[in-house]
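Colleague: My structure file upload.cif, mmCIF, C-alpha atoms and all ligand atoms, is below:
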```cif
data_upload
loop_
_atom_site.label_atom_id
_atom_site.label_comp_id
_atom_site.auth_asym_id
_atom_site.auth_seq_id
_atom_site.Cartn_x
_atom_site.Cartn_y
_atom_site.Cartn_z
CA MET T 1 19.45 -29.07 -26.95
CA LYS T 2 19.90 -27.97 -23.41
CA SER T 3 20.04 -24.30 -24.39
CA ILE T 4 17.01 -24.59 -26.69
CA LEU T 5 15.03 -26.23 -23.94
CA LYS T 6 16.06 -23.46 -21.58
CA THR T 7 14.91 -20.84 -24.08
CA VAL T 8 11.57 -22.55 -24.53
CA LEU T 9 11.07 -22.75 -20.79
CA LEU T 10 12.01 -19.12 -20.35
CA LEU T 11 9.64 -18.14 -23.14
CA SER T 12 6.80 -20.11 -21.67
CA GLY T 13 7.51 -18.42 -18.35
CA ILE T 14 7.37 -15.00 -19.96
CA MET T 15 4.52 -15.74 -22.38
CA GLY T 16 1.94 -15.95 -19.62
CA PRO T 17 2.33 -12.44 -18.21
CA LEU T 18 3.05 -10.98 -21.69
CA ALA T 19 -0.12 -12.44 -23.14
CA ASP T 20 -1.95 -11.18 -20.07
CA ALA T 21 -0.52 -7.73 -20.58
CA GLN T 22 -1.86 -7.65 -24.11
CA LYS T 23 -5.19 -8.67 -22.64
CA ILE T 24 -5.22 -5.66 -20.31
CA SER T 25 -4.45 -3.17 -23.09
CA ARG T 26 -6.99 -4.80 -25.42
CA MET T 27 -9.61 -4.52 -22.70
CA LEU T 28 -8.80 -0.88 -22.08
CA GLU T 29 -9.06 -0.11 -25.82
CA GLN T 30 -12.75 -1.02 -25.75
CA LYS T 31 -15.29 1.75 -25.44
CA GLY T 32 -16.83 2.33 -22.04
CA PRO T 33 -18.79 2.26 -19.90
CA PHE T 34 -17.94 -1.25 -18.75
CA ARG T 35 -16.61 -3.26 -15.85
CA LYS T 36 -14.44 -6.31 -16.41
CA ASP T 37 -13.31 -8.67 -13.67
CA THR T 38 -10.23 -10.58 -14.72
CA VAL T 39 -7.56 -12.82 -13.20
CA PHE T 40 -3.92 -12.86 -14.27
CA THR T 41 -1.94 -15.97 -13.52
CA MET T 42 1.76 -16.24 -12.84
CA THR T 43 3.79 -19.43 -12.78
CA ALA T 44 7.01 -19.71 -10.83
CA GLY T 45 8.49 -23.20 -11.02
CA SER T 46 5.72 -25.58 -10.03
CA LYS T 47 3.79 -22.87 -8.19
CA GLU T 48 1.02 -20.83 -9.69
CA THR T 49 -0.43 -17.68 -8.23
CA ARG T 50 -3.06 -15.27 -9.42
CA LEU T 51 -3.76 -11.57 -9.38
CA PRO T 52 -7.40 -10.43 -9.53
CA VAL T 53 -7.91 -7.12 -11.35
CA ILE T 54 -11.09 -5.08 -11.87
CA LEU T 55 -11.16 -2.65 -14.79
CA ILE T 56 -13.88 -0.01 -14.81
CA LYS T 57 -13.92 2.31 -17.79
CA GLY T 58 -16.28 5.21 -18.08
CA LYS T 59 -17.93 6.59 -21.19
CA GLU T 60 -15.90 9.80 -21.05
CA LYS T 61 -12.14 10.18 -21.34
CA GLY T 62 -10.20 10.95 -18.19
CA PRO T 63 -7.34 9.94 -15.95
CA VAL T 64 -6.42 6.40 -14.93
CA PHE T 65 -6.79 5.99 -11.16
CA SER T 66 -5.40 2.75 -9.74
CA ILE T 67 -6.35 1.41 -6.33
CA VAL T 68 -4.53 -1.49 -4.68
CA ALA T 69 -5.42 -3.37 -1.49
CA GLY T 70 -3.99 -6.50 0.05
CA ILE T 71 -0.31 -6.14 -0.81
CA HIS T 72 -0.24 -7.36 2.77
CA GLY T 73 -2.94 -10.02 3.00
CA TYR T 74 -3.50 -9.72 6.77
CA GLU T 75 -4.46 -6.04 6.54
CA TYR T 76 -8.22 -6.47 6.38
CA PRO T 77 -9.88 -3.01 6.56
CA PRO T 78 -8.28 -1.94 3.22
CA ILE T 79 -9.41 -5.20 1.56
CA VAL T 80 -12.97 -4.94 2.94
CA ALA T 81 -13.22 -1.23 2.04
CA VAL T 82 -12.17 -1.95 -1.55
CA GLN T 83 -14.69 -4.81 -1.71
CA GLU T 84 -17.46 -2.37 -0.77
CA ILE T 85 -16.23 0.32 -3.16
CA THR T 86 -16.14 -2.07 -6.12
CA LYS T 87 -19.71 -3.13 -5.35
CA GLU T 88 -20.91 0.46 -5.11
CA ILE T 89 -19.15 2.10 -8.07
CA ASP T 90 -21.36 2.75 -11.07
CA ALA T 91 -19.35 2.89 -14.34
CA SER T 92 -21.71 5.51 -15.75
CA PHE T 93 -20.28 8.04 -13.25
CA VAL T 94 -16.66 7.21 -14.14
CA TYR T 95 -14.64 9.71 -16.20
CA GLY T 96 -11.56 7.83 -17.34
CA THR T 97 -10.54 4.45 -15.97
CA LEU T 98 -10.28 2.72 -12.64
CA ILE T 99 -7.84 -0.16 -12.26
CA ILE T 100 -8.55 -1.95 -8.98
CA VAL T 101 -6.52 -4.75 -7.44
CA PRO T 102 -8.81 -5.99 -4.64
CA VAL T 103 -6.26 -8.40 -3.12
CA ALA T 104 -2.71 -8.16 -4.46
CA ASN T 105 -1.41 -11.03 -2.36
CA VAL T 106 -4.10 -13.72 -2.44
CA GLU T 107 -1.77 -16.37 -0.98
CA ALA T 108 -1.10 -14.29 2.15
CA PHE T 109 -4.79 -13.42 2.45
CA HIS T 110 -6.16 -16.96 2.23
CA ARG T 111 -3.37 -18.53 4.24
CA ARG T 112 -3.64 -15.77 6.90
CA THR T 113 0.01 -14.78 6.71
CA PRO T 114 1.28 -11.40 7.96
CA PHE T 115 3.74 -9.41 5.78
CA ILE T 116 4.95 -12.18 3.46
CA ASN T 117 3.66 -14.39 0.69
CA PRO T 118 3.75 -17.90 2.23
CA SER T 119 4.61 -19.50 -1.14
CA ASP T 120 8.05 -17.83 -1.40
CA HIS T 121 8.42 -16.04 1.97
CA LYS T 122 8.91 -12.67 0.27
CA ASN T 123 7.31 -9.38 1.25
CA LEU T 124 5.51 -7.98 -1.81
CA ASN T 125 5.97 -4.49 -0.42
CA ASN T 126 9.71 -5.00 -0.55
CA ALA T 127 9.83 -6.52 -4.03
CA PHE T 128 9.33 -3.62 -6.46
CA PRO T 129 10.03 -3.27 -9.38
CA GLY T 130 9.96 -7.09 -9.34
CA SER T 131 11.13 -9.50 -12.01
CA PRO T 132 9.27 -11.46 -14.75
CA ASN T 133 11.46 -14.53 -14.10
CA GLY T 134 11.48 -14.53 -10.32
CA THR T 135 9.28 -16.11 -7.68
CA ALA T 136 5.52 -15.46 -7.41
CA THR T 137 6.08 -12.28 -5.40
CA ASP T 138 8.66 -10.96 -7.90
CA GLN T 139 6.27 -11.65 -10.77
CA ILE T 140 3.31 -9.92 -9.10
CA ALA T 141 5.50 -6.86 -8.45
CA ASP T 142 6.75 -6.91 -12.04
CA PHE T 143 3.23 -7.19 -13.46
CA MET T 144 1.97 -4.38 -11.25
CA THR T 145 4.94 -2.17 -12.20
CA ARG T 146 4.57 -2.65 -15.96
CA GLU T 147 0.83 -3.05 -16.37
CA ILE T 148 -0.73 -1.05 -13.58
CA ILE T 149 1.71 1.57 -12.28
CA ALA T 150 2.95 2.48 -15.78
CA ARG T 151 -0.64 3.08 -16.97
CA SER T 152 -1.70 5.14 -13.95
CA THR T 153 -2.24 8.86 -13.62
CA VAL T 154 -2.76 8.38 -9.88
CA PHE T 155 -1.65 5.28 -7.97
CA LEU T 156 -3.15 4.64 -4.53
CA ASP T 157 -1.87 1.77 -2.39
CA ILE T 158 -3.96 1.02 0.72
CA HIS T 159 -2.43 -0.58 3.80
CA GLY T 160 -3.09 -0.81 7.51
CA GLY T 161 -1.46 -2.19 10.60
CA ASP T 162 -0.64 -5.85 10.04
CA ALA T 163 -1.65 -8.70 12.43
CA ASN T 164 0.63 -7.44 15.20
CA GLU T 165 0.54 -3.70 14.51
CA ASP T 166 -1.40 -1.01 16.34
CA LEU T 167 -1.72 1.91 13.93
CA LEU T 168 -3.11 5.44 13.83
CA PRO T 169 -4.90 6.04 10.48
CA PHE T 170 -2.97 8.36 8.18
CA VAL T 171 -2.52 9.22 4.53
CA CYS T 172 1.01 9.55 3.15
CA TYR T 173 3.08 10.54 0.15
CA TYR T 174 6.73 11.10 -0.81
CA ASP T 175 8.04 14.63 -0.81
CA ARG T 176 9.81 14.30 -4.16
CA LYS T 177 11.28 17.72 -4.91
CA ASP T 178 12.07 17.32 -8.64
CA THR T 179 8.48 16.40 -9.61
CA PRO T 180 6.73 19.27 -7.80
CA GLN T 181 3.41 18.94 -9.66
CA ASN T 182 3.02 15.28 -8.71
CA THR T 183 4.02 15.96 -5.13
CA GLN T 184 1.58 18.86 -4.91
CA MET T 185 -1.20 16.68 -6.36
CA ALA T 186 -0.44 13.91 -3.85
CA HIS T 187 -0.58 16.51 -1.08
CA GLU T 188 -3.90 17.91 -2.35
CA LEU T 189 -5.43 14.44 -2.59
CA SER T 190 -4.24 13.77 0.97
CA VAL T 191 -5.91 16.94 2.19
CA GLN T 192 -9.10 16.12 0.30
CA SER T 193 -9.16 12.60 1.77
CA GLU T 194 -10.21 14.15 5.10
CA ILE T 195 -7.90 11.79 6.99
CA LYS T 196 -6.69 13.84 9.93
CA HIS T 197 -3.02 12.87 9.93
CA ILE T 198 -1.02 13.53 6.77
CA VAL T 199 2.49 12.08 6.66
CA SER T 200 5.16 12.97 4.11
CA TYR T 201 8.30 10.90 3.70
CA PRO T 202 11.60 12.26 2.44
CA TYR T 203 12.43 11.02 -1.09
CA ASN T 204 16.03 10.48 -2.10
CA LEU T 205 15.88 7.47 -4.39
CA THR T 206 18.13 7.40 -7.48
CA PRO T 207 16.55 6.23 -10.79
CA GLN T 208 18.63 3.01 -10.60
CA GLU T 209 17.75 1.97 -7.07
CA PRO T 210 14.91 -0.54 -6.53
CA ALA T 211 11.98 1.34 -5.01
CA LYS T 212 10.92 -1.72 -2.95
CA TYR T 213 7.48 -0.28 -2.03
CA ALA T 214 4.65 -0.21 -4.58
CA PHE T 215 3.75 3.46 -4.26
CA LYS T 216 7.39 4.50 -4.10
CA GLN T 217 7.82 2.63 -7.39
CA ALA T 218 5.07 4.81 -8.84
CA VAL T 219 6.78 7.94 -7.50
CA GLN T 220 10.04 6.81 -9.12
CA HIS T 221 8.12 6.45 -12.42
CA GLY T 222 7.04 10.09 -12.11
CA ILE T 223 3.43 9.23 -11.27
CA THR T 224 1.29 10.87 -8.60
CA ALA T 225 1.17 8.27 -5.85
CA LEU T 226 0.03 7.99 -2.30
CA SER T 227 -0.92 5.50 0.33
CA ILE T 228 -3.62 5.25 2.99
CA GLU T 229 -2.78 3.43 6.22
CA ALA T 230 -5.84 2.43 8.30
CA GLY T 231 -6.77 -0.62 10.33
CA LYS T 232 -4.87 -2.67 12.85
CA LEU T 233 -4.20 -5.90 14.69
CA GLY T 234 -5.64 -8.41 12.25
CA THR T 235 -9.32 -7.57 12.54
CA VAL T 236 -11.90 -5.60 10.54
CA GLN T 237 -12.85 -2.35 12.29
CA LYS T 238 -15.92 -0.73 10.73
CA GLU T 239 -14.68 2.79 11.54
CA ASN T 240 -11.48 2.15 9.58
CA VAL T 241 -13.36 0.59 6.65
CA ASP T 242 -15.59 3.69 6.56
CA LEU T 243 -12.61 6.04 6.89
CA ILE T 244 -10.87 4.36 3.92
CA LYS T 245 -14.03 4.44 1.79
CA LYS T 246 -14.66 8.11 2.46
CA ALA T 247 -11.01 8.96 1.69
CA VAL T 248 -11.05 7.00 -1.57
CA TYR T 249 -14.31 8.56 -2.77
CA ASN T 250 -12.99 12.02 -1.88
CA MET T 251 -9.80 11.38 -3.84
CA LEU T 252 -11.69 9.96 -6.83
CA GLU T 253 -13.97 12.94 -6.86
CA HIS T 254 -11.16 15.47 -6.47
CA SER T 255 -9.21 13.89 -9.35
CA GLY T 256 -12.34 13.95 -11.52
CA VAL T 257 -12.45 10.17 -12.05
CA TYR T 258 -15.68 9.46 -10.22
CA VAL T 259 -18.13 12.26 -9.71
CA ARG T 260 -21.49 11.41 -8.17
CA ARG T 261 -22.15 14.77 -6.63
CA LYS T 262 -20.04 17.88 -6.95
CA SER T 263 -19.04 18.94 -3.47
CA LYS T 264 -16.86 21.87 -2.63
CA LEU T 265 -13.19 21.48 -1.73
CA LYS T 266 -12.49 20.55 1.85
CA SER T 267 -10.62 22.92 4.08
CA PRO T 268 -7.13 21.66 4.90
CA LYS T 269 -7.22 23.26 8.35
CA ALA T 270 -8.24 20.15 10.23
CA ALA T 271 -5.22 18.14 9.08
CA ILE T 272 -2.06 17.52 11.10
CA TYR T 273 1.11 17.35 8.98
CA LEU T 274 3.92 15.08 10.07
CA ASN T 275 6.93 15.35 7.77
CA ARG T 276 9.50 13.40 9.79
CA GLN T 277 9.56 9.87 11.18
CA ASP T 278 11.63 8.31 13.91
CA TYR T 279 11.80 4.50 13.79
CA ILE T 280 12.64 2.67 17.01
CA ARG T 281 13.90 -0.84 16.28
CA VAL T 282 13.58 -3.84 18.58
CA PRO T 283 16.94 -3.97 20.42
CA GLU T 284 16.63 -7.59 21.60
CA THR T 285 14.27 -10.48 20.86
CA GLY T 286 11.83 -11.03 23.71
CA ILE T 287 8.42 -10.19 25.17
CA PHE T 288 7.25 -6.59 24.79
CA TYR T 289 5.22 -4.56 27.28
CA SER T 290 3.83 -1.07 26.73
CA ASP T 291 0.78 0.83 27.99
CA LEU T 292 0.88 3.17 25.01
CA LYS T 293 -1.39 3.09 21.96
CA SER T 294 -1.11 4.39 18.42
CA GLY T 295 -2.02 8.08 18.35
CA ASP T 296 -0.58 8.74 21.81
CA PRO T 297 1.74 11.73 22.12
CA VAL T 298 5.28 10.99 23.32
CA LYS T 299 8.06 13.18 24.66
CA LYS T 300 11.84 12.95 24.29
CA LYS T 301 13.38 10.55 26.85
CA GLN T 302 9.91 9.16 27.71
CA LEU T 303 9.81 5.51 28.74
CA LEU T 304 7.68 3.80 26.07
CA GLY T 305 7.80 0.22 27.31
CA TYR T 306 10.21 -2.61 28.02
CA ILE T 307 11.26 -6.04 26.82
CA THR T 308 11.74 -9.14 28.98
CA ASP T 309 13.11 -12.61 28.31
CA GLU T 310 10.90 -15.72 28.67
CA PHE T 311 11.77 -15.90 32.38
CA GLY T 312 10.31 -12.46 33.01
CA ASN T 313 13.65 -10.70 33.48
CA LYS T 314 13.73 -7.22 32.02
CA ILE T 315 16.23 -7.03 29.16
CA GLN T 316 15.83 -3.45 28.12
CA ASP T 317 13.74 -0.29 28.52
CA ILE T 318 12.48 1.41 25.38
CA VAL T 319 12.98 5.17 25.46
CA SER T 320 11.87 7.76 22.92
CA ASP T 321 14.49 9.87 21.13
CA SER T 322 11.92 12.30 19.80
CA GLU T 323 8.77 14.22 20.62
CA GLY T 324 5.80 13.37 18.43
CA THR T 325 2.84 11.05 17.85
CA ILE T 326 2.93 7.25 17.72
CA LEU T 327 1.93 6.42 14.12
CA TYR T 328 2.28 2.70 14.71
CA LYS T 329 3.78 0.28 17.18
CA VAL T 330 3.94 -3.44 17.81
CA GLY T 331 0.66 -4.21 19.58
CA THR T 332 1.28 -7.83 20.60
CA PRO T 333 3.86 -9.45 22.95
CA PRO T 334 6.44 -11.16 20.69
CA VAL T 335 9.20 -8.95 19.28
CA ASN T 336 12.25 -9.85 17.24
CA LYS T 337 15.53 -7.97 17.09
CA GLY T 338 15.65 -5.44 14.26
CA GLU T 339 11.89 -5.14 13.66
CA THR T 340 10.24 -1.72 13.82
CA LEU T 341 8.89 -1.41 17.37
CA PHE T 342 7.58 2.18 17.15
CA CYS T 343 7.21 4.70 14.36
CA ILE T 344 6.91 8.21 15.79
CA GLY T 345 5.82 10.99 13.47
CA TYR T 346 6.67 14.63 14.09
CA THR T 347 6.86 17.94 12.31
CA GLN T 348 10.00 19.79 11.38
CA ASN T 349 9.67 23.16 9.71
ZN ZN R 401 0.92 -3.14 4.59
#
```
For the structure just supplied, provide its representation as structure tokens.
Ligand SMILES: [Zn+2]
Modeller:
Amino acid sequence: MKSILKTVLLLSGIMGPLADAQKISRMLEQKGPFRKDTVFTMTAGSKETRLPVILIKGKEKGPVFSIVAGIHGYEYPPIVAVQEITKEIDASFVYGTLIIVPVANVEAFHRRTPFINPSDHKNLNNAFPGSPNGTATDQIADFMTREIIARSTVFLDIHGGDANEDLLPFVCYYDRKDTPQNTQMAHELSVQSEIKHIVSYPYNLTPQEPAKYAFKQAVQHGITALSIEAGKLGTVQKENVDLIKKAVYNMLEHSGVYVRRKSKLKSPKAAIYLNRQDYIRVPETGIFYSDLKSGDPVKKKQLLGYITDEFGNKIQDIVSDSEGTILYKVGTPPVNKGETLFCIGYTQN
């Protein structure tokens, strides 16, 4: 009896997302043009969470371009930019399909929580590929992996600096060497985005390793994937909302998914390529001081700031090991040992 009950419970746990998955494919089988706003629900124990998804299918066949915002619910410019884009997009100009997740982590968004989902204290951008039987965060990651990433031709995940992060806007992709066409496409889309700083990360994930990050999961699946990072410090900056919107429209147009007006290809000359990153971790928990901002250039051995205890005694100086540009840094006083304090991007030929 016990084992039967367990099976039934497990089935009921799985039935929700599975039934939802059938819903998404049934919807996409319908002829376009249409837009459907839908909500998928996930139940973990006594807790229920939801994932809003917007499907926009054009009349003509074409690629599937997926756009995700709000994997981190305190990163507002991506969420606001995607809100505006979904209001503006006209399905009659869509060639193929757009799958849009306007807020992937609604719990974090509404409960104003940086990095983690307050219902299970997990970071959604650390949870991929996820699990259908796990907590809310695991289930959202699993649903996105199976139902969104797996269907995508291009997967775009939009982030920014979180509540405490000062960040220079950039577009980024993984330099995966054994899928050169995807990597080249991600690079081209980055160039076409017209975001000035283009960052590429080394890729050395085995097929068995969990990808952790949403767009790295897509790269592991052999899908063209990239991420925009714009916005900072827990507020909505109009210039970053506009930068994200322009980049997304440029990418949609370049990939042929949304063509309002044919414009010629943008010259890549203006971009700055940063293919290496140096992460400086917080050496000791304390109070952080720095006069530097994201985007500032730094030199090797340069003093970047310092950390004190609560009595004002200096614990440690923070010194740069590399020459480059500050991509992001902690922009508020509290720091905890082991967190990323600075990310410095640089170029190595
Ligand atoms: Zn983020």
Colleague: Do a neighbour search on Tyr249 of chain T at 12 Å with all atoms listed in the file, toss out local chain neighbours closer than 4 positions, and write the hits as a VMD selection string.
Modeller: chain T and resid 65 67 81 to 82 84 to 86 88 to 89 94 156 189 to 190 192 to 194 242 to 245 253 to 263
Colleague: Could you list, as a PyMOL selection string, all protein and nucleic acid residues with an atom at most 10 Å from ligand ZN 401 (chain R), counting all atoms listed in the file?
Modeller: chain T and resi 69-76+78+114-116+123-125+157-163+165+213+227-231
Colleague: Keeping only C-alpha atoms, write the selected residues as a tab-separated table (two decimals), in the coordinates of the input.
Modeller:
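Saved the output as part.tsv:
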```
chain	number	residue	atom	x	y	z
T	69	ALA	CA	-5.42	-3.37	-1.49
T	70	GLY	CA	-3.99	-6.50	0.05
T	71	ILE	CA	-0.31	-6.14	-0.81
T	72	HIS	CA	-0.24	-7.36	2.77
T	73	GLY	CA	-2.94	-10.02	3.00
T	74	TYR	CA	-3.50	-9.72	6.77
T	75	GLU	CA	-4.46	-6.04	6.54
T	76	TYR	CA	-8.22	-6.47	6.38
T	78	PRO	CA	-8.28	-1.94	3.22
T	114	PRO	CA	1.28	-11.40	7.96
T	115	PHE	CA	3.74	-9.41	5.78
T	116	ILE	CA	4.95	-12.18	3.46
T	123	ASN	CA	7.31	-9.38	1.25
T	124	LEU	CA	5.51	-7.98	-1.81
T	125	ASN	CA	5.97	-4.49	-0.42
T	157	ASP	CA	-1.87	1.77	-2.39
T	158	ILE	CA	-3.96	1.02	0.72
T	159	HIS	CA	-2.43	-0.58	3.80
T	160	GLY	CA	-3.09	-0.81	7.51
T	161	GLY	CA	-1.46	-2.19	10.60
T	162	ASP	CA	-0.64	-5.85	10.04
T	163	ALA	CA	-1.65	-8.70	12.43
T	165	GLU	CA	0.54	-3.70	14.51
T	213	TYR	CA	7.48	-0.28	-2.03
T	227	SER	CA	-0.92	5.50	0.33
T	228	ILE	CA	-3.62	5.25	2.99
T	229	GLU	CA	-2.78	3.43	6.22
T	230	ALA	CA	-5.84	2.43	8.30
T	231	GLY	CA	-6.77	-0.62	10.33
```
Colleague: By how many Å are atom CA of Gln302 of chain T and atom CA of Leu327 of chain T apart?
Modeller: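 Result for atom CA of Gln302 of chain T versus atom CA of Leu327 of chain T: 16.0 Å, one decimal.
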Colleague: Mind giving me the straight-line distance from atom CA of Lys246 of chain T to atom CA of Ile195 of chain T in Å, one decimal?
Modeller: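 We find that atom CA of Lys246 of chain T and atom CA of Ile195 of chain T lie 8.9 Å from each other.
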Colleague: Expressed in Å to a single decimal, how great is the separation between atom CA of Pro102 of chain T and atom CA of Gln83 of chain T?
Modeller: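 Computing it gives 6.7 Å between the two atoms.
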Colleague: Find the spatial neighbours of Arg35 of chain T, counting only C-alpha atoms, within a cut-off of 9 Å - ignore same-chain residues fewer than 3 positions away - and output them as a PDB file with C-alpha atoms, in the coordinates of the input.
Modeller:
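Now in result-v3.pdb:
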```
ATOM      1  CA  GLY T  32     -16.830   2.330 -22.040  1.00  0.00           C
ATOM      2  CA  ILE T  54     -11.090  -5.080 -11.870  1.00  0.00           C
ATOM      3  CA  LEU T  55     -11.160  -2.650 -14.790  1.00  0.00           C
ATOM      4  CA  ILE T  56     -13.880  -0.010 -14.810  1.00  0.00           C
ATOM      5  CA  LYS T  57     -13.920   2.310 -17.790  1.00  0.00           C
ATOM      6  CA  GLY T  58     -16.280   5.210 -18.080  1.00  0.00           C
ATOM      7  CA  ALA T  91     -19.350   2.890 -14.340  1.00  0.00           C
TER       8      ALA T  91
END
```
Colleague: Could you tell me which of T:Ser131, T:Ser119, T:Asn182, T:Thr325 comes closest to Val199 of chain T if we count only C-alpha atoms?
Modeller: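 Checking each of T:Ser131, T:Ser119, T:Asn182, T:Thr325 against Val199 of chain T, counting only C-alpha atoms, the winner is T:Thr325.
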Colleague: Identify, on the basis of all atoms listed in the file, every residue whose closest approach to Lys329 of chain T does not exceed 10 Å; exclude the query and any residue fewer than 2 positions from it along the same chain; express the result as a list of chain:residue names.
Modeller: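 In the requested format, the answer is T:Gly161, T:Asn164, T:Glu165, T:Asp166, T:Leu167, T:Leu168, T:Tyr279, T:Ile280, T:Ser290, T:Leu292, T:Lys293, T:Ser294, T:Gly295, T:Ile326, T:Leu327, T:Gly331, T:Thr332, T:Thr340, T:Leu341, T:Phe342, T:Cys343, T:Ile344.
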Colleague: My list of candidates is T:Lys337, T:Val64, T:Asn133, T:Asn126. Which is closest to Ala44 of chain T when distances are computed with only C-alpha atoms?
Modeller: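 Closest residue, counting only C-alpha atoms: T:Asn133.
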Colleague: Which is closer to Pro207 of chain T than all the others in T:Pro77, T:Pro180, T:Gly305, T:Pro129, using all atoms listed in the file?
Modeller: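 Looking only at the distances to Pro207 of chain T, the closest residue turns out to be T:Pro129.
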Colleague: I want to know what sits within 6 Å of His197 of chain T, based on only C-alpha atoms, with residues of the same chain fewer than 2 positions away left out; could you give that as a list of chain:residue names?
Modeller: T:Phe170, T:Ile195, T:Ala271, T:Ile272
Colleague: Measuring between all atoms listed in the file, which one of T:Val154, T:Ile318, T:Leu28, T:Leu226 shows the shortest distance to Cys172 of chain T?
Modeller: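 Of all the options, T:Leu226 lies closest to Cys172 of chain T.
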Colleague: Could you tell me which of T:Arg276, T:Lys300, T:Lys36, T:Arg176 comes closest to Ile198 of chain T if we count all atoms listed in the file?
Modeller: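 Looking only at the distances to Ile198 of chain T, the closest residue turns out to be T:Arg276.
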